[in-house]
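> File protein29.txt below, compact mmCIF, C-alpha atoms:
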# COMPACT_ATOMS: atom_id res chain seq x y z
CA MET C 1361 -7.84 -47.81 -14.92
CA SER C 1362 -7.39 -44.27 -13.78
CA GLY C 1363 -4.20 -42.30 -13.73
CA ALA C 1364 -5.10 -41.24 -10.22
CA SER C 1365 -4.58 -44.71 -8.83
CA THR C 1366 -0.84 -44.10 -8.76
CA LEU C 1367 -0.90 -40.36 -8.21
CA ASN C 1368 -0.19 -40.57 -4.50
CA ARG C 1369 3.36 -41.66 -5.17
CA HIS C 1370 4.03 -39.02 -7.80
CA ARG C 1371 6.08 -35.94 -7.16
CA SER C 1372 7.35 -33.22 -9.42
CA ALA C 1373 9.66 -30.28 -9.20
CA LYS C 1374 11.09 -27.66 -11.51
CA ILE C 1375 14.30 -25.82 -12.13
CA VAL C 1376 14.41 -22.55 -14.04
CA VAL C 1377 17.08 -22.08 -16.71
CA SER C 1378 17.87 -18.40 -17.17
CA GLY C 1379 20.12 -16.51 -19.45
CA ALA C 1380 20.29 -13.75 -22.00
CA PHE C 1381 19.27 -14.30 -25.57
CA GLY C 1382 21.58 -16.65 -27.44
CA VAL C 1383 23.62 -17.94 -24.49
CA GLY C 1384 22.50 -21.55 -24.89
CA LYS C 1385 19.73 -22.01 -22.32
CA THR C 1386 17.46 -23.66 -24.91
CA THR C 1387 20.32 -25.93 -25.89
CA PHE C 1388 20.86 -26.74 -22.20
CA VAL C 1389 17.26 -27.96 -21.85
CA GLU C 1390 17.26 -29.78 -25.19
CA THR C 1391 20.44 -31.66 -24.33
CA ILE C 1392 19.14 -33.13 -21.08
CA SER C 1393 15.39 -33.36 -21.69
CA GLU C 1394 13.90 -36.76 -22.49
CA ILE C 1395 11.32 -35.04 -24.67
CA THR C 1396 11.72 -32.40 -27.34
CA PRO C 1397 11.10 -29.19 -25.38
CA LEU C 1398 7.49 -28.04 -25.41
CA SER C 1399 6.24 -24.51 -25.59
CA THR C 1400 3.55 -22.80 -23.61
CA GLU C 1401 2.79 -19.37 -22.29
CA ALA C 1402 1.83 -17.68 -19.06
CA GLU C 1403 -0.55 -14.77 -19.04
CA MET C 1404 -0.22 -12.16 -16.36
CA THR C 1405 -2.99 -9.68 -15.83
CA THR C 1406 -2.31 -6.59 -13.82
CA SER C 1407 -4.03 -3.49 -12.63
CA SER C 1408 -1.90 -0.45 -12.37
CA PHE C 1409 -2.69 3.06 -11.39
CA GLY C 1410 -1.48 6.28 -12.87
CA THR C 1411 0.40 8.64 -10.64
CA ASP C 1412 -2.25 11.32 -10.78
CA ASP C 1413 -5.14 9.19 -9.53
CA ARG C 1414 -7.14 10.05 -12.58
CA THR C 1415 -5.88 7.42 -14.96
CA PHE C 1416 -5.56 3.72 -14.46
CA LEU C 1417 -5.17 0.60 -16.53
CA MET C 1418 -7.16 -2.44 -15.61
CA GLY C 1419 -6.72 -5.95 -16.84
CA LYS C 1420 -3.56 -5.25 -18.80
CA THR C 1421 -2.37 -8.64 -19.94
CA THR C 1422 1.20 -9.58 -20.66
CA THR C 1423 2.20 -12.93 -22.06
CA VAL C 1424 5.46 -14.68 -21.30
CA ALA C 1425 6.48 -17.52 -23.60
CA LEU C 1426 8.09 -20.54 -21.94
CA ASP C 1427 9.90 -23.58 -23.21
CA PHE C 1428 10.29 -26.59 -20.96
CA GLY C 1429 11.79 -30.05 -20.93
CA ARG C 1430 11.31 -33.04 -18.68
CA ILE C 1431 13.41 -35.68 -16.94
CA THR C 1432 11.56 -38.64 -15.45
CA ILE C 1433 13.32 -40.07 -12.41
CA ASP C 1434 12.08 -43.49 -11.31
CA GLU C 1435 8.65 -42.86 -12.83
CA PRO C 1436 6.89 -41.26 -9.87
CA LEU C 1437 9.32 -38.35 -9.78
CA ARG C 1438 9.62 -35.80 -12.58
CA LEU C 1439 11.83 -32.80 -12.99
CA TYR C 1440 10.83 -30.04 -15.36
CA LEU C 1441 13.36 -27.56 -16.68
CA PHE C 1442 11.92 -24.34 -18.04
CA GLY C 1443 13.12 -21.10 -19.48
CA THR C 1444 12.06 -18.20 -21.58
CA PRO C 1445 13.11 -18.32 -25.21
CA GLY C 1446 13.23 -14.57 -25.52
CA GLN C 1447 14.74 -11.77 -23.59
CA GLU C 1448 14.33 -12.02 -19.85
CA ARG C 1449 12.68 -9.29 -17.85
CA PHE C 1450 12.51 -9.79 -14.14
CA GLY C 1451 9.90 -8.45 -11.79
CA PHE C 1452 6.52 -9.46 -10.47
CA MET C 1453 5.66 -11.51 -13.58
CA TRP C 1454 8.73 -13.65 -13.27
CA ASP C 1455 8.04 -14.08 -9.54
CA ASP C 1456 4.90 -16.07 -10.22
CA LEU C 1457 6.72 -18.37 -12.59
CA VAL C 1458 9.84 -18.84 -10.51
CA LYS C 1459 8.15 -19.25 -7.14
CA GLY C 1460 8.27 -22.90 -6.29
CA SER C 1461 11.36 -23.61 -8.36
CA LEU C 1462 13.87 -25.75 -6.54
CA ALA C 1463 16.77 -23.85 -7.98
CA ALA C 1464 18.02 -21.91 -10.99
CA VAL C 1465 20.70 -22.17 -13.63
CA VAL C 1466 22.07 -18.90 -14.99
CA VAL C 1467 23.63 -19.69 -18.35
CA VAL C 1468 26.28 -17.18 -19.31
CA ASP C 1469 28.33 -16.31 -22.36
CA THR C 1470 31.55 -14.90 -20.95
CA ARG C 1471 31.91 -12.64 -23.94
CA ARG C 1472 28.82 -10.83 -22.59
CA LEU C 1473 29.17 -11.42 -18.90
CA GLU C 1474 27.22 -8.35 -17.85
CA ASP C 1475 24.04 -9.77 -19.44
CA CYS C 1476 23.64 -12.11 -16.48
CA TYR C 1477 23.81 -9.47 -13.72
CA PRO C 1478 20.00 -9.02 -13.48
CA ALA C 1479 19.45 -12.76 -13.12
CA VAL C 1480 22.15 -13.14 -10.46
CA ASP C 1481 20.79 -10.19 -8.47
CA TYR C 1482 17.27 -11.53 -8.77
CA TYR C 1483 18.01 -15.01 -7.48
CA GLU C 1484 20.22 -13.67 -4.70
CA GLN C 1485 17.39 -11.39 -3.55
CA LEU C 1486 14.86 -14.20 -3.58
CA SER C 1487 17.32 -16.61 -1.96
CA ILE C 1488 16.83 -19.14 -4.73
CA PRO C 1489 19.86 -21.42 -5.00
CA PHE C 1490 21.55 -20.93 -8.35
CA VAL C 1491 24.61 -21.83 -10.34
CA VAL C 1492 26.37 -19.58 -12.81
CA ALA C 1493 27.11 -21.84 -15.76
CA LEU C 1494 29.62 -20.48 -18.26
CA ASN C 1495 28.83 -21.91 -21.66
CA GLN C 1496 31.97 -22.74 -23.57
CA PHE C 1497 31.41 -21.44 -27.05
CA ASP C 1498 33.97 -22.36 -29.68
CA GLY C 1499 37.30 -20.90 -28.82
CA GLY C 1500 37.18 -21.49 -25.09
CA LEU C 1501 36.54 -19.11 -22.25
CA VAL C 1502 37.55 -15.49 -22.44
CA HIS C 1503 37.97 -15.11 -18.66
CA SER C 1504 39.21 -17.31 -15.84
CA LEU C 1505 36.71 -18.47 -13.24
CA GLU C 1506 38.27 -16.14 -10.71
CA ASP C 1507 37.91 -13.17 -13.03
CA VAL C 1508 34.27 -14.08 -13.51
CA ARG C 1509 33.75 -14.39 -9.76
CA SER C 1510 35.20 -10.92 -9.16
CA ALA C 1511 33.22 -9.39 -12.00
CA LEU C 1512 29.94 -10.85 -10.77
CA ASN C 1513 30.55 -9.84 -7.17
CA VAL C 1514 28.44 -12.76 -5.98
CA VAL C 1515 28.14 -14.16 -2.50
CA ALA C 1516 31.34 -16.01 -1.63
CA ASN C 1517 30.17 -19.59 -2.01
CA THR C 1518 28.20 -19.10 -5.25
CA LEU C 1519 28.77 -21.95 -7.62
CA ILE C 1520 30.42 -20.92 -10.90
CA LEU C 1521 31.09 -23.66 -13.42
CA ARG C 1522 32.24 -24.09 -16.99
CA PHE C 1523 30.19 -26.35 -19.19
CA ASP C 1524 29.19 -27.11 -22.76
CA ALA C 1525 25.44 -26.88 -23.32
CA ARG C 1526 25.64 -29.32 -26.23
CA ASP C 1527 27.21 -32.07 -24.12
CA LYS C 1528 24.89 -34.23 -22.01
CA ALA C 1529 27.52 -35.22 -19.46
CA SER C 1530 28.42 -31.57 -19.02
CA VAL C 1531 24.81 -30.47 -18.51
CA LYS C 1532 24.32 -33.36 -16.09
CA ALA C 1533 27.31 -32.16 -14.09
CA VAL C 1534 25.85 -28.65 -13.79
CA LEU C 1535 22.50 -29.98 -12.52
CA LEU C 1536 24.18 -32.35 -10.08
CA SER C 1537 26.41 -29.64 -8.64
CA LEU C 1538 23.41 -27.37 -8.23
CA LEU C 1539 21.22 -30.02 -6.60
CA LYS C 1540 23.98 -31.00 -4.21
CA THR C 1541 24.01 -27.48 -2.80
CA LEU C 1542 20.35 -27.94 -1.86
CA VAL C 1543 21.17 -30.88 0.31
CA LEU C 1544 23.67 -28.82 2.25
CA VAL C 1545 21.50 -25.74 2.75
CA PRO C 1546 18.98 -26.02 5.58
CA HIS C 1547 15.43 -25.17 4.43
CA MET N 617 12.06 -10.23 0.78
CA SER N 618 10.70 -10.42 4.33
CA ASP N 619 11.91 -12.90 6.91
CA ASN N 620 8.53 -14.52 7.31
CA GLU N 621 8.33 -15.39 3.65
CA PRO N 622 6.62 -18.77 3.30
CA PRO N 623 8.74 -21.73 2.18
CA ARG N 624 9.93 -21.45 -1.39
CA VAL N 625 8.10 -24.53 -2.51
CA ARG N 626 4.63 -24.79 -1.09
CA PRO N 627 3.07 -28.21 -0.92
CA TYR N 628 -0.59 -28.12 -1.71
CA VAL N 629 -3.42 -30.51 -2.21
CA ILE N 630 -6.61 -29.87 -4.13
CA THR N 631 -9.63 -31.61 -2.70
CA GLY N 632 -13.26 -31.49 -3.63
CA THR N 633 -13.93 -29.44 -0.51
CA ASN N 634 -11.57 -26.64 -1.41
CA PRO N 635 -12.52 -25.24 -4.80
CA GLY N 636 -11.09 -21.75 -4.24
CA ARG N 637 -10.17 -19.76 -7.31
CA GLU N 638 -6.68 -19.14 -5.91
CA LEU N 639 -5.87 -22.65 -7.06
CA ALA N 640 -5.94 -21.39 -10.62
CA THR N 641 -2.29 -20.48 -10.31
CA LEU N 642 -1.23 -24.09 -10.47
CA PRO N 643 2.46 -24.29 -11.35
CA LEU N 644 3.63 -25.80 -14.60
CA GLU N 645 5.03 -28.90 -12.91
CA ALA N 646 1.84 -29.86 -11.00
CA LEU N 647 0.75 -33.34 -12.04
CA VAL N 648 -2.85 -34.11 -12.94
CA ALA N 649 -4.49 -37.51 -13.16
CA THR N 650 -8.02 -38.51 -14.10
CA THR N 651 -9.98 -40.24 -11.36
CA ALA N 652 -11.72 -43.57 -11.74
CA SER N 653 -15.07 -41.89 -11.08
CA ALA N 654 -14.74 -39.37 -13.90
CA ASP N 655 -17.31 -39.92 -16.64
CA LEU N 656 -15.60 -38.82 -19.83
CA ARG N 657 -18.81 -39.04 -21.84
CA GLN N 658 -20.13 -36.09 -19.85
CA LEU N 659 -17.15 -33.91 -20.62
CA VAL N 660 -16.65 -31.75 -23.68
CA PHE N 661 -13.98 -29.64 -25.32
CA GLU N 662 -10.94 -28.87 -23.18
CA ARG N 663 -12.17 -30.78 -20.12
CA ARG N 664 -12.67 -33.87 -22.23
CA THR N 665 -9.21 -33.48 -23.71
CA ILE N 666 -7.66 -33.04 -20.27
CA ALA N 667 -9.45 -36.09 -18.92
CA ASP N 668 -8.35 -38.15 -21.92
CA LEU N 669 -4.74 -37.04 -21.69
CA CYS N 670 -4.53 -37.69 -17.95
CA ARG N 671 -6.24 -41.05 -18.00
CA SER N 672 -3.33 -43.41 -18.50
CA GLY N 673 -0.89 -41.47 -16.35
CA PRO N 674 -0.31 -38.05 -14.85
CA ARG N 675 0.38 -35.06 -17.07
CA SER N 676 1.79 -31.76 -15.89
CA ILE N 677 -0.05 -28.46 -16.23
CA GLY N 678 2.67 -27.36 -18.65
CA GLU N 679 2.23 -30.42 -20.86
CA LEU N 680 -1.55 -29.95 -20.86
CA ALA N 681 -1.18 -26.29 -21.79
CA SER N 682 1.15 -27.22 -24.62
CA SER N 683 -1.19 -29.95 -25.92
CA LEU N 684 -4.26 -27.73 -25.69
CA ASN N 685 -2.42 -24.69 -26.97
CA VAL N 686 -3.83 -22.47 -24.23
CA PRO N 687 -1.99 -20.50 -21.53
CA LEU N 688 -0.99 -22.09 -18.22
CA GLY N 689 -3.55 -20.04 -16.29
CA VAL N 690 -6.44 -21.28 -18.41
CA VAL N 691 -5.41 -24.89 -17.88
CA GLY N 692 -5.05 -24.16 -14.18
CA LEU N 693 -8.62 -22.89 -13.97
CA LEU N 694 -9.99 -25.87 -15.88
CA VAL N 695 -8.07 -28.35 -13.75
CA ALA N 696 -9.14 -26.60 -10.53
CA ASP N 697 -12.77 -26.84 -11.61
CA MET N 698 -12.39 -30.48 -12.58
CA ALA N 699 -10.64 -31.28 -9.30
CA ALA N 700 -13.39 -29.58 -7.32
CA ILE N 701 -15.96 -32.01 -8.68
CA GLY N 702 -13.67 -35.01 -8.48
CA ASP N 703 -12.90 -35.64 -12.15
CA VAL N 704 -9.15 -35.23 -11.64
CA GLU N 705 -6.66 -35.22 -8.82
CA VAL N 706 -3.64 -32.96 -8.57
CA CYS N 707 -0.53 -34.06 -6.75
CA GLU N 708 1.71 -32.15 -4.43
CA THR N 709 4.81 -30.36 -5.54
CA GLY N 710 7.69 -32.06 -3.78
CA THR N 711 10.00 -30.11 -1.53
CA ASP N 712 11.69 -32.49 0.85
CA THR N 713 15.35 -33.40 1.06
CA ASP N 714 14.53 -36.95 0.08
CA LEU N 715 13.18 -35.65 -3.21
CA VAL N 716 16.39 -33.75 -3.91
CA GLU N 717 18.46 -36.83 -3.13
CA ARG N 718 16.32 -38.89 -5.48
CA LEU N 719 16.83 -36.27 -8.18
CA ILE N 720 20.58 -36.44 -7.66
CA ARG N 721 20.66 -40.22 -7.94
CA GLY N 722 18.36 -40.21 -10.94
CA ILE N 723 20.25 -37.56 -12.88
CA ALA N 724 23.58 -39.17 -12.10
CA ALA N 725 22.24 -42.36 -13.67
CA LEU N 726 21.28 -40.71 -16.97
Would you mind writing the file's structure down as structure tokens?


Amino acid sequence: MSGASTLNRHRSAKIVVSGAFGVGKTTFVETISEITPLSTEAEMTTSSFGTDDRTFLMGKTTTVALDFGRITIDEPLRLYLFGTPGQERFGFMWDDLVKGSLAAVVVVDTRRLEDCYPAVDYYEQLSIPFVVALNQFDGGLVHSLEDVRSALNVVANTLILRFDARDKASVKAVLLSLLKTLVLVPH
Amino acid sequence: MSDNEPPRVRPYVITGTNPGRELATLPLEALVATTASADLRQLVFERRTIADLCRSGPRSIGELASSLNVPLGVVGLLVADMAAIGDVEVCETGTDTDLVERLIRGIAAL
């Protein structure tokens, strides 16, 4: 029997889980994934040219580490959730990884709200639907949702939610809210 | 980004007639399955491992990369080569509204 005999019915998609170091994006994936998150890496090779036309670098390789989890929905459909365990740096490298993502979660620690600005700007520029998910660390939120909305200066209907990355029902609610915005947006 | 940017999620199909190297950038969620016509005895090293792993059911590029402990791009190249000669098939990334609705129902049921 070959795996390909059922492949026609299979579909997959991915959602990227972003956030600064230590905000809980790994916990987010672990909480909802049906498998222990796996690790892999993406290699990006670039050519770049020096400004004086006399120097150039060819084949410079950068490696981005990724962790990802999986949710199997009615067997032929799988959702992968991936993120970078380390510090995020946006730009052309991230483009290749994010392209083709259905949507994004930006996990935020409200005690360091400004850490998420690059991610929010990035997804807004690429028109990738995203949710700002405020992870409730012990002690509750420092800011109200409205304060966060003003501070982020996001587009008016951007989804901003509180959640607890350790709680499955809470993580589910974030994903559901995010996915529901996709159904409303024409694309 | 420009207005004539292609759709965010591009459906694609790899067939034996389209072995272009551009296919090496297979995304981490692309699913790979071994075909009935693949002869595993003729395969060695990573290709053999890929064919074994994908025999009983599809595996994603990401899962293959993790199992093989090689980068995504390397797995992508191997899978593209194997698909070009018909040892594996790669399935389309979904993008339709129906898929999103199925995701919503499925996650709600977790």

> Please find the residues of chain C near chain N - the criterion being any atom within 7 Å, counting all atoms listed in the file - and write them as a PyMOL selection string.

chain C and resi 1361-1364+1367-1368+1370-1374+1398-1403+1433+1440+1459-1461+1485-1486+1532+1536+1539+1543

> Pull C-alpha atoms from the residues just selected and write them as a compact mmCIF listing (two decimals), in the frame of the given file.


# COMPACT_ATOMS: atom_id res chain seq x y z
CA MET C 1361 -7.84 -47.81 -14.92
CA SER C 1362 -7.39 -44.27 -13.78
CA GLY C 1363 -4.20 -42.30 -13.73
CA ALA C 1364 -5.10 -41.24 -10.22
CA LEU C 1367 -0.90 -40.36 -8.21
CA ASN C 1368 -0.19 -40.57 -4.50
CA HIS C 1370 4.03 -39.02 -7.80
CA ARG C 1371 6.08 -35.94 -7.16
CA SER C 1372 7.35 -33.22 -9.42
CA ALA C 1373 9.66 -30.28 -9.20
CA LYS C 1374 11.09 -27.66 -11.51
CA LEU C 1398 7.49 -28.04 -25.41
CA SER C 1399 6.24 -24.51 -25.59
CA THR C 1400 3.55 -22.80 -23.61
CA GLU C 1401 2.79 -19.37 -22.29
CA ALA C 1402 1.83 -17.68 -19.06
CA GLU C 1403 -0.55 -14.77 -19.04
CA ILE C 1433 13.32 -40.07 -12.41
CA TYR C 1440 10.83 -30.04 -15.36
CA LYS C 1459 8.15 -19.25 -7.14
CA GLY C 1460 8.27 -22.90 -6.29
CA SER C 1461 11.36 -23.61 -8.36
CA GLN C 1485 17.39 -11.39 -3.55
CA LEU C 1486 14.86 -14.20 -3.58
CA LYS C 1532 24.32 -33.36 -16.09
CA LEU C 1536 24.18 -32.35 -10.08
CA LEU C 1539 21.22 -30.02 -6.60
CA VAL C 1543 21.17 -30.88 0.31

> Between atom CA of N:Val695 and atom CA of C:Val1389, measure the distance and give it in Å to one decimal.

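That distance, rounded to one decimal, is 26.6 Å.
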
> Figure out the distance between atom CA of C:Phe1523 and atom CA of C:Gly1384, please, to one decimal in Å.

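Separation between atom CA of C:Gly1384 and atom CA of C:Phe1523: 10.7 Å.
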
> Could you check which of C:Val1531, C:Leu1473, C:Ala1493, C:Leu1439 is closest to C:Thr1518, using only C-alpha atoms?

C:Ala1493

> What is the distance, in Å and to one decimal place, between atom CA of C:Leu1521 and atom CA of C:Val1534?

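Interatomic distance, atom CA of C:Leu1521 to atom CA of C:Val1534: 7.2 Å.
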
> Would you kindly identify which residues have an atom no farther than 10 Å from (-13.7, -27.1, -21.0), using all atoms listed in the file and the file's own coordinates, and write them out as number ranges by chain?

N: 659-666, 690-691, 693-695, 697-698

> Nearest residue to C:Arg1509 out of C:Asp1527, C:Ser1487, C:Phe1497, C:Val1480, using only C-alpha atoms?

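Between C:Asp1527, C:Ser1487, C:Phe1497, C:Val1480, the residue approaching C:Arg1509 most closely is C:Val1480.
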